Amino acid sequence: MGFLKDHVVESEAASEAASREIVHRLVRDEYQIVYRFAYRLSGSHADAEDLTQQAFLQACRKIEQLRAGERARPWLLTIVRNCFLKSCQRQKHWGLPDKEVEWMAEAVSSWPEEFDEEQLQQVLQEMPEVFRIPVLLHYFEELSYKEISHLLNVPIGTIMSRLARGKELLRSRLMEKEAVASSQSP
Amino acid sequence: MDCQTARHYLDCLHDGNIDPIDDVSNHFPVRAELADHLAHCDMCQQLLEEWGQFDRRMYSMLMSSPIPPGLEDRLLRDVDAELAALSQISSAPRQSGKFRWWTASLLLASVLLMLLGGAWHLSRTPDEILNFNGAGQLLASRFLKSNSAWEDLDRFDGGFDLGSYHDDLGLFQLSAPHGIDLGGGRGQDAAVFQFGMKGWKGIITVLPSQHFTGLPDVGLPNVQPGHSVLQWRSSDGKLTYLCFVHKGSAAALAEELFGLLT
(Lines give C-alpha, C1' and ligand atoms only; values in the text may rest on other atoms or scores of the structure.)
Protein backbone atom coordinates (compact mmCIF):
# COMPACT_ATOMS: atom_id res chain seq x y z
CA MET A 1 0.00 0.00 0.00
CA GLY A 2 3.09 2.23 0.00
CA PHE A 3 2.46 3.16 -3.60
CA LEU A 4 -1.07 4.27 -2.78
CA LYS A 5 0.08 6.18 0.30
CA ASP A 6 2.72 8.06 -1.70
CA HIS A 7 0.14 9.09 -4.23
CA VAL A 8 -2.33 10.14 -1.57
CA VAL A 9 0.32 12.32 0.05
CA GLU A 10 1.23 13.78 -3.33
CA SER A 11 -2.41 14.45 -4.10
CA GLU A 12 -2.88 16.21 -0.78
CA ALA A 13 0.15 18.36 -1.48
CA ALA A 14 -1.09 19.11 -4.99
CA SER A 15 -4.56 19.87 -3.68
CA GLU A 16 -3.16 22.20 -1.02
CA ALA A 17 -1.00 23.97 -3.57
CA ALA A 18 -4.00 24.32 -5.85
CA SER A 19 -6.11 25.69 -2.99
CA ARG A 20 -3.40 28.20 -2.15
CA GLU A 21 -3.16 29.30 -5.75
CA ILE A 22 -6.95 29.71 -6.01
CA VAL A 23 -7.17 31.72 -2.79
CA HIS A 24 -4.18 33.90 -3.69
CA ARG A 25 -5.67 34.66 -7.08
CA LEU A 26 -8.98 35.40 -5.41
CA VAL A 27 -7.33 37.84 -3.01
CA ARG A 28 -5.40 39.59 -5.76
CA ASP A 29 -8.42 39.85 -8.09
CA GLU A 30 -11.12 40.77 -5.61
CA TYR A 31 -9.67 42.36 -2.47
CA GLN A 32 -10.14 45.92 -3.65
CA ILE A 33 -13.81 45.58 -4.53
CA VAL A 34 -14.48 43.51 -1.40
CA TYR A 35 -12.80 46.14 0.75
CA ARG A 36 -14.66 49.00 -0.91
CA PHE A 37 -17.99 47.24 -0.52
CA ALA A 38 -17.21 46.58 3.15
CA TYR A 39 -16.21 50.20 3.65
CA ARG A 40 -19.39 51.53 2.07
CA LEU A 41 -21.44 49.18 4.22
CA SER A 42 -19.70 49.81 7.51
CA GLY A 43 -18.45 53.37 7.07
CA SER A 44 -15.24 52.50 8.89
CA HIS A 45 -11.87 51.59 7.43
CA ALA A 46 -11.01 49.38 10.42
CA ASP A 47 -14.30 47.47 10.19
CA ALA A 48 -13.93 47.20 6.44
CA GLU A 49 -10.50 45.59 6.81
CA ASP A 50 -11.84 43.10 9.36
CA LEU A 51 -14.82 42.25 7.14
CA THR A 52 -12.50 41.79 4.18
CA GLN A 53 -10.26 39.50 6.21
CA GLN A 54 -13.25 37.46 7.39
CA ALA A 55 -14.47 37.04 3.82
CA PHE A 56 -11.16 35.65 2.59
CA LEU A 57 -10.68 33.41 5.63
CA GLN A 58 -14.10 31.92 4.94
CA ALA A 59 -13.01 31.48 1.35
CA CYS A 60 -10.12 29.33 2.64
CA ARG A 61 -12.53 27.18 4.66
CA LYS A 62 -15.06 26.77 1.87
CA ILE A 63 -12.77 26.61 -1.10
CA GLU A 64 -14.66 23.59 -2.45
CA GLN A 65 -17.70 25.79 -3.05
CA LEU A 66 -15.61 27.99 -5.31
CA ARG A 67 -14.15 24.99 -7.09
CA ALA A 68 -17.70 23.79 -7.62
CA GLY A 69 -18.29 26.81 -9.81
CA GLU A 70 -19.72 29.46 -7.50
CA ARG A 71 -19.13 32.92 -8.85
CA ALA A 72 -16.46 34.35 -6.61
CA ARG A 73 -17.48 37.98 -6.35
CA PRO A 74 -21.15 37.58 -5.33
CA TRP A 75 -20.05 34.81 -3.01
CA LEU A 76 -17.48 37.05 -1.28
CA LEU A 77 -19.80 40.04 -1.11
CA THR A 78 -22.51 37.87 0.41
CA ILE A 79 -20.07 36.83 3.14
CA VAL A 80 -19.21 40.48 3.77
CA ARG A 81 -22.87 41.47 3.92
CA ASN A 82 -23.77 38.61 6.27
CA CYS A 83 -20.78 39.27 8.53
CA PHE A 84 -21.68 42.94 8.63
CA LEU A 85 -25.31 42.30 9.50
CA LYS A 86 -24.39 39.71 12.09
CA SER A 87 -21.66 41.78 13.68
CA CYS A 88 -24.08 44.66 14.04
CA GLN A 89 -26.91 42.35 15.07
CA ARG A 90 -29.06 44.27 12.70
CA GLN A 91 -30.79 41.42 11.00
CA LYS A 92 -33.93 42.12 12.94
CA HIS A 93 -34.05 45.51 11.25
CA TRP A 94 -34.10 44.01 7.81
CA GLY A 95 -37.82 44.66 7.62
CA LEU A 96 -38.91 48.14 6.70
CA PRO A 97 -37.82 50.56 9.42
CA ASP A 98 -40.30 52.80 11.15
CA LYS A 99 -38.44 55.81 9.94
CA GLU A 100 -38.71 54.73 6.34
CA VAL A 101 -41.40 57.33 5.90
CA GLU A 102 -38.88 59.99 6.89
CA TRP A 103 -36.75 58.74 4.07
CA MET A 104 -39.43 58.97 1.44
CA ALA A 105 -37.78 61.16 -1.12
CA GLU A 106 -39.47 64.12 -2.61
CA ALA A 107 -39.22 63.92 -6.37
CA VAL A 108 -36.51 66.33 -7.44
CA SER A 109 -36.04 67.64 -10.91
CA SER A 110 -32.38 68.59 -10.65
CA TRP A 111 -29.27 66.46 -10.32
CA PRO A 112 -26.35 66.62 -7.90
CA GLU A 113 -23.14 67.57 -9.63
CA GLU A 114 -20.60 68.70 -7.07
CA PHE A 115 -20.86 66.07 -4.36
CA ASP A 116 -17.64 64.64 -3.04
CA GLU A 117 -16.46 61.42 -1.46
CA GLU A 118 -17.22 62.54 2.10
CA GLN A 119 -20.75 63.66 1.28
CA LEU A 120 -21.47 60.44 -0.52
CA GLN A 121 -20.30 58.38 2.44
CA GLN A 122 -22.38 60.49 4.84
CA VAL A 123 -25.50 59.96 2.77
CA LEU A 124 -24.87 56.23 2.49
CA GLN A 125 -24.38 55.91 6.24
CA GLU A 126 -27.61 57.79 6.90
CA MET A 127 -29.62 55.55 4.58
CA PRO A 128 -31.59 52.71 6.19
CA GLU A 129 -30.06 49.36 5.34
CA VAL A 130 -33.16 48.21 3.48
CA PHE A 131 -32.21 50.75 0.84
CA ARG A 132 -28.45 50.90 1.27
CA ILE A 133 -27.71 47.21 0.76
CA PRO A 134 -29.67 46.77 -2.50
CA VAL A 135 -28.15 49.99 -3.83
CA LEU A 136 -24.61 48.89 -2.99
CA LEU A 137 -25.19 45.42 -4.43
CA HIS A 138 -26.53 47.06 -7.58
CA TYR A 139 -23.48 49.30 -8.05
CA PHE A 140 -20.78 46.95 -6.84
CA GLU A 141 -21.91 43.78 -8.48
CA GLU A 142 -24.12 45.09 -11.23
CA LEU A 143 -26.51 42.36 -10.19
CA SER A 144 -29.86 41.96 -11.84
CA TYR A 145 -32.97 42.53 -9.78
CA LYS A 146 -33.56 38.81 -9.84
CA GLU A 147 -30.09 38.12 -8.39
CA ILE A 148 -30.45 40.76 -5.67
CA SER A 149 -33.89 39.39 -4.87
CA HIS A 150 -32.39 35.90 -4.53
CA LEU A 151 -29.46 37.10 -2.42
CA LEU A 152 -31.59 39.10 -0.01
CA ASN A 153 -34.52 36.69 -0.08
CA VAL A 154 -36.93 39.52 -0.82
CA PRO A 155 -39.55 39.52 -3.61
CA ILE A 156 -38.37 41.04 -6.87
CA GLY A 157 -41.06 43.71 -6.86
CA THR A 158 -39.88 44.84 -3.43
CA ILE A 159 -36.28 44.97 -4.63
CA MET A 160 -37.26 47.06 -7.64
CA SER A 161 -39.13 49.43 -5.40
CA ARG A 162 -36.35 49.68 -2.80
CA LEU A 163 -33.65 50.12 -5.39
CA ALA A 164 -35.56 52.82 -7.24
CA ARG A 165 -36.37 54.61 -3.99
CA GLY A 166 -32.84 54.09 -2.69
CA LYS A 167 -31.35 55.74 -5.73
CA GLU A 168 -33.88 58.53 -5.56
CA LEU A 169 -32.92 59.01 -1.93
CA LEU A 170 -29.26 59.17 -2.82
CA ARG A 171 -30.00 61.77 -5.42
CA SER A 172 -32.19 63.94 -3.21
CA ARG A 173 -29.90 63.72 -0.16
CA LEU A 174 -26.85 64.57 -2.25
CA MET A 175 -28.75 67.56 -3.60
CA GLU A 176 -29.43 68.68 -0.03
CA LYS A 177 -25.77 68.30 0.92
CA GLU A 178 -24.78 70.27 -2.14
CA ALA A 179 -27.21 73.02 -1.27
CA VAL A 180 -25.91 73.24 2.31
CA ALA A 181 -22.31 73.28 1.12
CA SER A 182 -22.95 76.00 -1.42
CA SER A 183 -24.83 78.16 1.10
CA GLN A 184 -21.86 77.93 3.50
CA SER A 185 -19.23 78.73 0.93
CA PRO A 186 -18.19 82.40 0.72
CA MET B 1 -48.34 54.37 -21.24
CA ASP B 2 -48.13 57.66 -19.34
CA CYS B 3 -44.94 59.29 -18.05
CA GLN B 4 -45.49 58.14 -14.45
CA THR B 5 -45.78 54.49 -15.47
CA ALA B 6 -42.87 54.81 -17.87
CA ARG B 7 -40.63 56.24 -15.15
CA HIS B 8 -41.52 53.34 -12.91
CA TYR B 9 -39.84 51.07 -15.45
CA LEU B 10 -37.02 53.39 -16.48
CA ASP B 11 -34.81 52.21 -13.68
CA CYS B 12 -34.87 48.75 -15.23
CA LEU B 13 -33.95 50.09 -18.60
CA HIS B 14 -31.20 52.59 -18.05
CA ASP B 15 -28.56 50.00 -17.28
CA GLY B 16 -29.84 47.66 -19.95
CA ASN B 17 -31.37 45.38 -17.38
CA ILE B 18 -34.71 44.67 -18.97
CA ASP B 19 -35.48 41.24 -17.53
CA PRO B 20 -37.29 42.45 -14.42
CA ILE B 21 -39.83 44.17 -16.57
CA ASP B 22 -40.83 40.79 -17.87
CA ASP B 23 -40.70 39.34 -14.38
CA VAL B 24 -43.14 41.81 -12.92
CA SER B 25 -45.35 42.41 -15.90
CA ASN B 26 -45.91 38.79 -16.92
CA HIS B 27 -48.29 38.94 -19.87
CA PHE B 28 -48.40 42.68 -20.06
CA PRO B 29 -46.48 44.00 -23.10
CA VAL B 30 -44.57 46.58 -21.07
CA ARG B 31 -41.38 46.48 -23.07
CA ALA B 32 -42.95 47.51 -26.36
CA GLU B 33 -45.11 50.16 -24.71
CA LEU B 34 -42.13 51.62 -22.89
CA ALA B 35 -40.06 51.74 -26.06
CA ASP B 36 -42.95 53.42 -27.83
CA HIS B 37 -43.34 55.96 -25.02
CA LEU B 38 -39.64 56.79 -24.99
CA ALA B 39 -39.63 57.27 -28.75
CA HIS B 40 -42.22 60.01 -28.38
CA CYS B 41 -41.40 61.58 -25.00
CA ASP B 42 -38.32 63.80 -24.86
CA MET B 43 -38.67 64.37 -21.12
CA CYS B 44 -38.58 60.68 -20.26
CA GLN B 45 -35.72 60.13 -22.67
CA GLN B 46 -33.78 62.94 -21.01
CA LEU B 47 -34.52 61.47 -17.59
CA LEU B 48 -33.17 58.14 -18.74
CA GLU B 49 -29.94 59.79 -19.90
CA GLU B 50 -29.59 61.73 -16.65
CA TRP B 51 -30.05 58.61 -14.56
CA GLY B 52 -27.37 56.96 -16.66
CA GLN B 53 -24.98 59.82 -16.00
CA PHE B 54 -25.76 59.75 -12.28
CA ASP B 55 -25.17 55.99 -12.19
CA ARG B 56 -21.82 56.31 -13.92
CA ARG B 57 -20.76 59.04 -11.49
CA MET B 58 -21.86 56.97 -8.50
CA TYR B 59 -20.09 53.89 -9.79
CA SER B 60 -16.91 55.83 -10.39
CA MET B 61 -16.93 57.36 -6.88
CA LEU B 62 -17.79 54.10 -5.14
CA MET B 63 -14.93 52.37 -6.93
CA SER B 64 -12.39 55.04 -6.13
CA SER B 65 -12.34 54.96 -2.34
CA PRO B 66 -8.74 54.48 -1.15
CA ILE B 67 -7.37 51.06 -0.24
CA PRO B 68 -5.19 50.89 2.90
CA PRO B 69 -1.53 50.42 2.01
CA GLY B 70 -0.29 46.86 2.47
CA LEU B 71 -3.78 45.36 2.65
CA GLU B 72 -3.12 42.84 -0.13
CA ASP B 73 0.04 41.56 1.58
CA ARG B 74 -1.72 41.30 4.94
CA LEU B 75 -4.58 39.34 3.40
CA LEU B 76 -2.20 36.98 1.61
CA ARG B 77 -0.39 36.35 4.89
CA ASP B 78 -3.71 35.76 6.68
CA VAL B 79 -4.95 33.25 4.12
CA ASP B 80 -1.60 31.43 4.12
CA ALA B 81 -1.79 31.09 7.90
CA GLU B 82 -5.38 29.88 7.66
CA LEU B 83 -4.58 27.31 4.99
CA ALA B 84 -1.57 26.08 6.96
CA ALA B 85 -3.69 25.69 10.08
CA LEU B 86 -6.43 23.89 8.18
CA SER B 87 -3.85 21.57 6.69
CA GLN B 88 -2.16 20.91 10.02
CA ILE B 89 -5.15 20.12 12.19
CA SER B 90 -6.24 17.13 10.23
CA SER B 91 -4.26 14.59 8.33
CA ALA B 92 -7.46 13.29 6.80
CA PRO B 93 -7.77 14.18 3.12
CA ARG B 94 -10.20 16.97 2.51
CA GLN B 95 -13.01 16.51 0.08
CA SER B 96 -10.87 17.09 -2.93
CA GLY B 97 -12.48 14.37 -4.97
CA LYS B 98 -11.41 16.11 -8.15
CA PHE B 99 -8.54 13.92 -9.16
CA ARG B 100 -9.29 10.90 -11.23
CA TRP B 101 -6.30 8.99 -9.91
CA TRP B 102 -7.46 9.66 -6.37
CA THR B 103 -10.90 8.34 -7.17
CA ALA B 104 -9.34 5.35 -8.85
CA SER B 105 -7.10 4.74 -5.85
CA LEU B 106 -10.07 4.80 -3.55
CA LEU B 107 -11.90 2.35 -5.74
CA LEU B 108 -8.87 0.06 -5.77
CA ALA B 109 -8.59 0.27 -1.99
CA SER B 110 -12.30 -0.45 -1.61
CA VAL B 111 -12.09 -3.50 -3.85
CA LEU B 112 -9.12 -4.85 -1.90
CA LEU B 113 -10.89 -4.32 1.37
CA MET B 114 -14.02 -6.00 0.08
CA LEU B 115 -11.96 -8.96 -1.06
CA LEU B 116 -10.62 -9.25 2.43
CA GLY B 117 -14.19 -9.49 3.59
CA GLY B 118 -13.88 -6.61 6.00
CA ALA B 119 -15.18 -3.77 3.93
CA TRP B 120 -18.28 -3.18 5.99
CA HIS B 121 -16.23 -2.93 9.14
CA LEU B 122 -13.43 -0.79 7.79
CA SER B 123 -15.56 1.57 5.72
CA ARG B 124 -16.49 3.61 8.79
CA THR B 125 -14.52 6.87 8.79
CA PRO B 126 -12.38 6.85 11.89
CA ASP B 127 -12.48 9.92 14.06
CA GLU B 128 -9.24 11.86 13.95
CA ILE B 129 -7.03 12.67 16.89
CA LEU B 130 -6.22 16.30 16.26
CA ASN B 131 -3.05 18.21 16.97
CA PHE B 132 -3.64 20.79 19.69
CA ASN B 133 -1.20 23.34 18.26
CA GLY B 134 -2.87 23.19 14.85
CA ALA B 135 -6.29 23.50 16.43
CA GLY B 136 -5.00 26.43 18.48
CA GLN B 137 -3.81 28.21 15.36
CA LEU B 138 -7.16 27.75 13.67
CA LEU B 139 -9.05 28.91 16.74
CA ALA B 140 -6.71 31.89 17.10
CA SER B 141 -7.29 32.89 13.49
CA ARG B 142 -10.99 33.08 14.26
CA PHE B 143 -11.17 34.26 17.85
CA LEU B 144 -8.03 36.24 18.60
CA LYS B 145 -9.62 39.48 17.45
CA SER B 146 -12.45 41.06 19.36
CA ASN B 147 -14.78 41.18 16.37
CA SER B 148 -14.35 37.49 15.74
CA ALA B 149 -17.00 35.70 13.73
CA TRP B 150 -18.94 34.46 16.75
CA GLU B 151 -22.26 34.80 15.01
CA ASP B 152 -21.19 32.38 12.28
CA LEU B 153 -21.14 29.52 14.75
CA ASP B 154 -23.91 27.03 15.31
CA ARG B 155 -25.17 26.25 18.78
CA PHE B 156 -23.17 23.57 20.60
CA ASP B 157 -24.70 20.25 19.62
CA GLY B 158 -23.66 18.34 22.74
CA GLY B 159 -21.41 16.08 20.67
CA PHE B 160 -19.02 15.63 23.59
CA ASP B 161 -19.31 15.84 27.33
CA LEU B 162 -18.62 19.30 28.75
CA GLY B 163 -18.09 17.60 32.11
CA SER B 164 -17.10 19.86 34.96
CA TYR B 165 -16.70 23.09 33.02
CA HIS B 166 -19.13 24.81 35.39
CA ASP B 167 -16.72 24.16 38.27
CA ASP B 168 -13.64 25.18 36.34
CA LEU B 169 -15.15 28.34 34.86
CA GLY B 170 -17.35 29.28 37.78
CA LEU B 171 -15.82 32.75 38.05
CA PHE B 172 -16.77 33.66 34.52
CA GLN B 173 -20.04 34.94 33.19
CA LEU B 174 -20.57 32.72 30.17
CA SER B 175 -22.82 32.90 27.15
CA ALA B 176 -24.66 29.83 25.91
CA PRO B 177 -22.14 27.53 24.21
CA HIS B 178 -21.67 27.48 20.47
CA GLY B 179 -19.74 24.77 18.65
CA ILE B 180 -17.01 24.58 16.02
CA ASP B 181 -15.84 21.78 13.74
CA LEU B 182 -12.04 21.57 13.60
CA GLY B 183 -12.00 18.72 11.13
CA GLY B 184 -11.93 15.71 13.42
CA GLY B 185 -14.72 13.97 11.57
CA ARG B 186 -17.09 13.94 14.53
CA GLY B 187 -18.93 17.16 13.91
CA GLN B 188 -18.18 19.81 16.49
CA ASP B 189 -14.76 19.43 18.14
CA ALA B 190 -14.89 22.39 20.52
CA ALA B 191 -17.45 24.35 22.48
CA VAL B 192 -17.08 28.12 22.34
CA PHE B 193 -18.26 30.61 24.97
CA GLN B 194 -18.19 34.37 25.12
CA PHE B 195 -17.06 35.33 28.60
CA GLY B 196 -16.97 38.30 30.89
CA MET B 197 -15.27 38.60 34.23
CA LYS B 198 -14.69 41.87 36.07
CA GLY B 199 -12.65 43.90 33.59
CA TRP B 200 -11.97 41.04 31.17
CA LYS B 201 -13.88 39.95 28.12
CA GLY B 202 -13.20 37.44 25.39
CA ILE B 203 -13.76 33.95 24.07
CA ILE B 204 -13.17 30.64 25.83
CA THR B 205 -13.00 27.46 23.80
CA VAL B 206 -13.41 24.10 25.52
CA LEU B 207 -11.88 21.01 23.92
CA PRO B 208 -12.28 17.38 24.99
CA SER B 209 -8.69 16.39 25.85
CA GLN B 210 -9.06 12.83 24.60
CA HIS B 211 -9.45 14.08 21.03
CA PHE B 212 -6.17 16.02 20.95
CA THR B 213 -2.44 15.41 21.14
CA GLY B 214 0.23 17.83 22.35
CA LEU B 215 -1.91 19.27 25.13
CA PRO B 216 -0.69 21.72 27.79
CA ASP B 217 0.08 20.41 31.25
CA VAL B 218 -2.81 19.74 33.59
CA GLY B 219 -3.82 22.76 35.61
CA LEU B 220 -1.00 25.05 34.55
CA PRO B 221 -2.02 28.13 32.62
CA ASN B 222 0.31 28.94 29.81
CA VAL B 223 0.45 32.58 28.87
CA GLN B 224 3.29 34.55 27.33
CA PRO B 225 3.77 38.15 28.47
CA GLY B 226 2.18 40.51 25.98
CA HIS B 227 0.05 37.78 24.44
CA SER B 228 -3.68 37.48 24.84
CA VAL B 229 -4.07 33.70 24.92
CA LEU B 230 -4.35 31.48 27.98
CA GLN B 231 -4.45 27.72 27.83
CA TRP B 232 -4.85 25.19 30.60
CA ARG B 233 -6.47 21.84 31.38
CA SER B 234 -9.27 21.11 33.76
CA SER B 235 -8.46 19.67 37.17
CA ASP B 236 -9.48 16.18 36.02
CA GLY B 237 -7.62 16.62 32.73
CA LYS B 238 -10.65 15.75 30.63
CA LEU B 239 -11.14 19.23 29.20
CA THR B 240 -8.66 21.70 27.75
CA TYR B 241 -9.40 25.42 27.79
CA LEU B 242 -8.09 27.90 25.28
CA CYS B 243 -8.99 31.45 26.21
CA PHE B 244 -8.65 34.51 23.94
CA VAL B 245 -8.70 37.72 25.93
CA HIS B 246 -10.09 40.70 24.04
CA LYS B 247 -10.35 43.15 26.90
CA GLY B 248 -7.92 43.26 29.80
CA SER B 249 -4.56 41.62 30.33
CA ALA B 250 -4.28 37.88 29.83
CA ALA B 251 -1.42 37.70 32.34
CA ALA B 252 -3.49 39.52 34.95
CA LEU B 253 -6.40 37.16 34.25
CA ALA B 254 -4.08 34.18 34.80
CA GLU B 255 -3.00 35.70 38.06
CA GLU B 256 -6.60 36.25 39.08
CA LEU B 257 -7.58 32.68 38.19
CA PHE B 258 -4.56 30.79 39.38
CA GLY B 259 -2.72 33.18 41.65
CA LEU B 260 0.29 32.95 39.40
CA LEU B 261 2.59 35.67 38.17
CA THR B 262 3.38 34.67 34.63
# chains A, B, ... in the order shown; residues from 1 in each chain; ligands from 1
call {"tool": "interface_residues", "arguments": {"of": "chain A", "to": "chain B", "cutoff": "8 Å", "atoms": "only C-alpha atoms", "output": "MDAnalysis selection string"}}
result
chainID A and resid 4 7:8 11:12 15:16 20 23:24 27:28 31:33 35:36 40 49:50 53:54 56:57 60:61 64 83 86:87 111 117 139:140 144:146 156:157 164
call {"tool": "residues_around", "arguments": {"residues": "Cys44 (chain B)", "least_positions_apart": "4", "cutoff": "9 Å", "atoms": "only C-alpha atoms", "output": "list in words"}}
result
Cys3, Ala6, Arg7, Leu10, His37, Leu38, His40, Leu48 and Glu49 of chain B
call {"tool": "atom_distance", "arguments": {"atom1": "CA of Arg162 (chain A)", "atom2": "CA of Val135 (chain A)"}}
result
8.3 Å
call {"tool": "closest_residue", "arguments": {"among": "B:Gln188, B:Gln194, B:Thr205, B:Ser234", "to": "His246 (chain B)", "atoms": "only C-alpha atoms"}}
result
B:Gln194
call {"tool": "residues_around", "arguments": {"residues": "region 212-216 of chain B", "least_positions_apart": "2", "cutoff": "8 Å", "atoms": "only C-alpha atoms", "output": "list in words"}}
result
Ile129, Leu130, Asn131, Phe132, Asn133, Pro208, Ser209, Gln210, Val218, Leu220, Asn222, Gln231, Trp232, Arg233 and Thr240 of chain B
call {"tool": "atom_distance", "arguments": {"atom1": "CA of Arg165 (chain A)", "atom2": "CA of Ala48 (chain A)"}}
result
25.8 Å
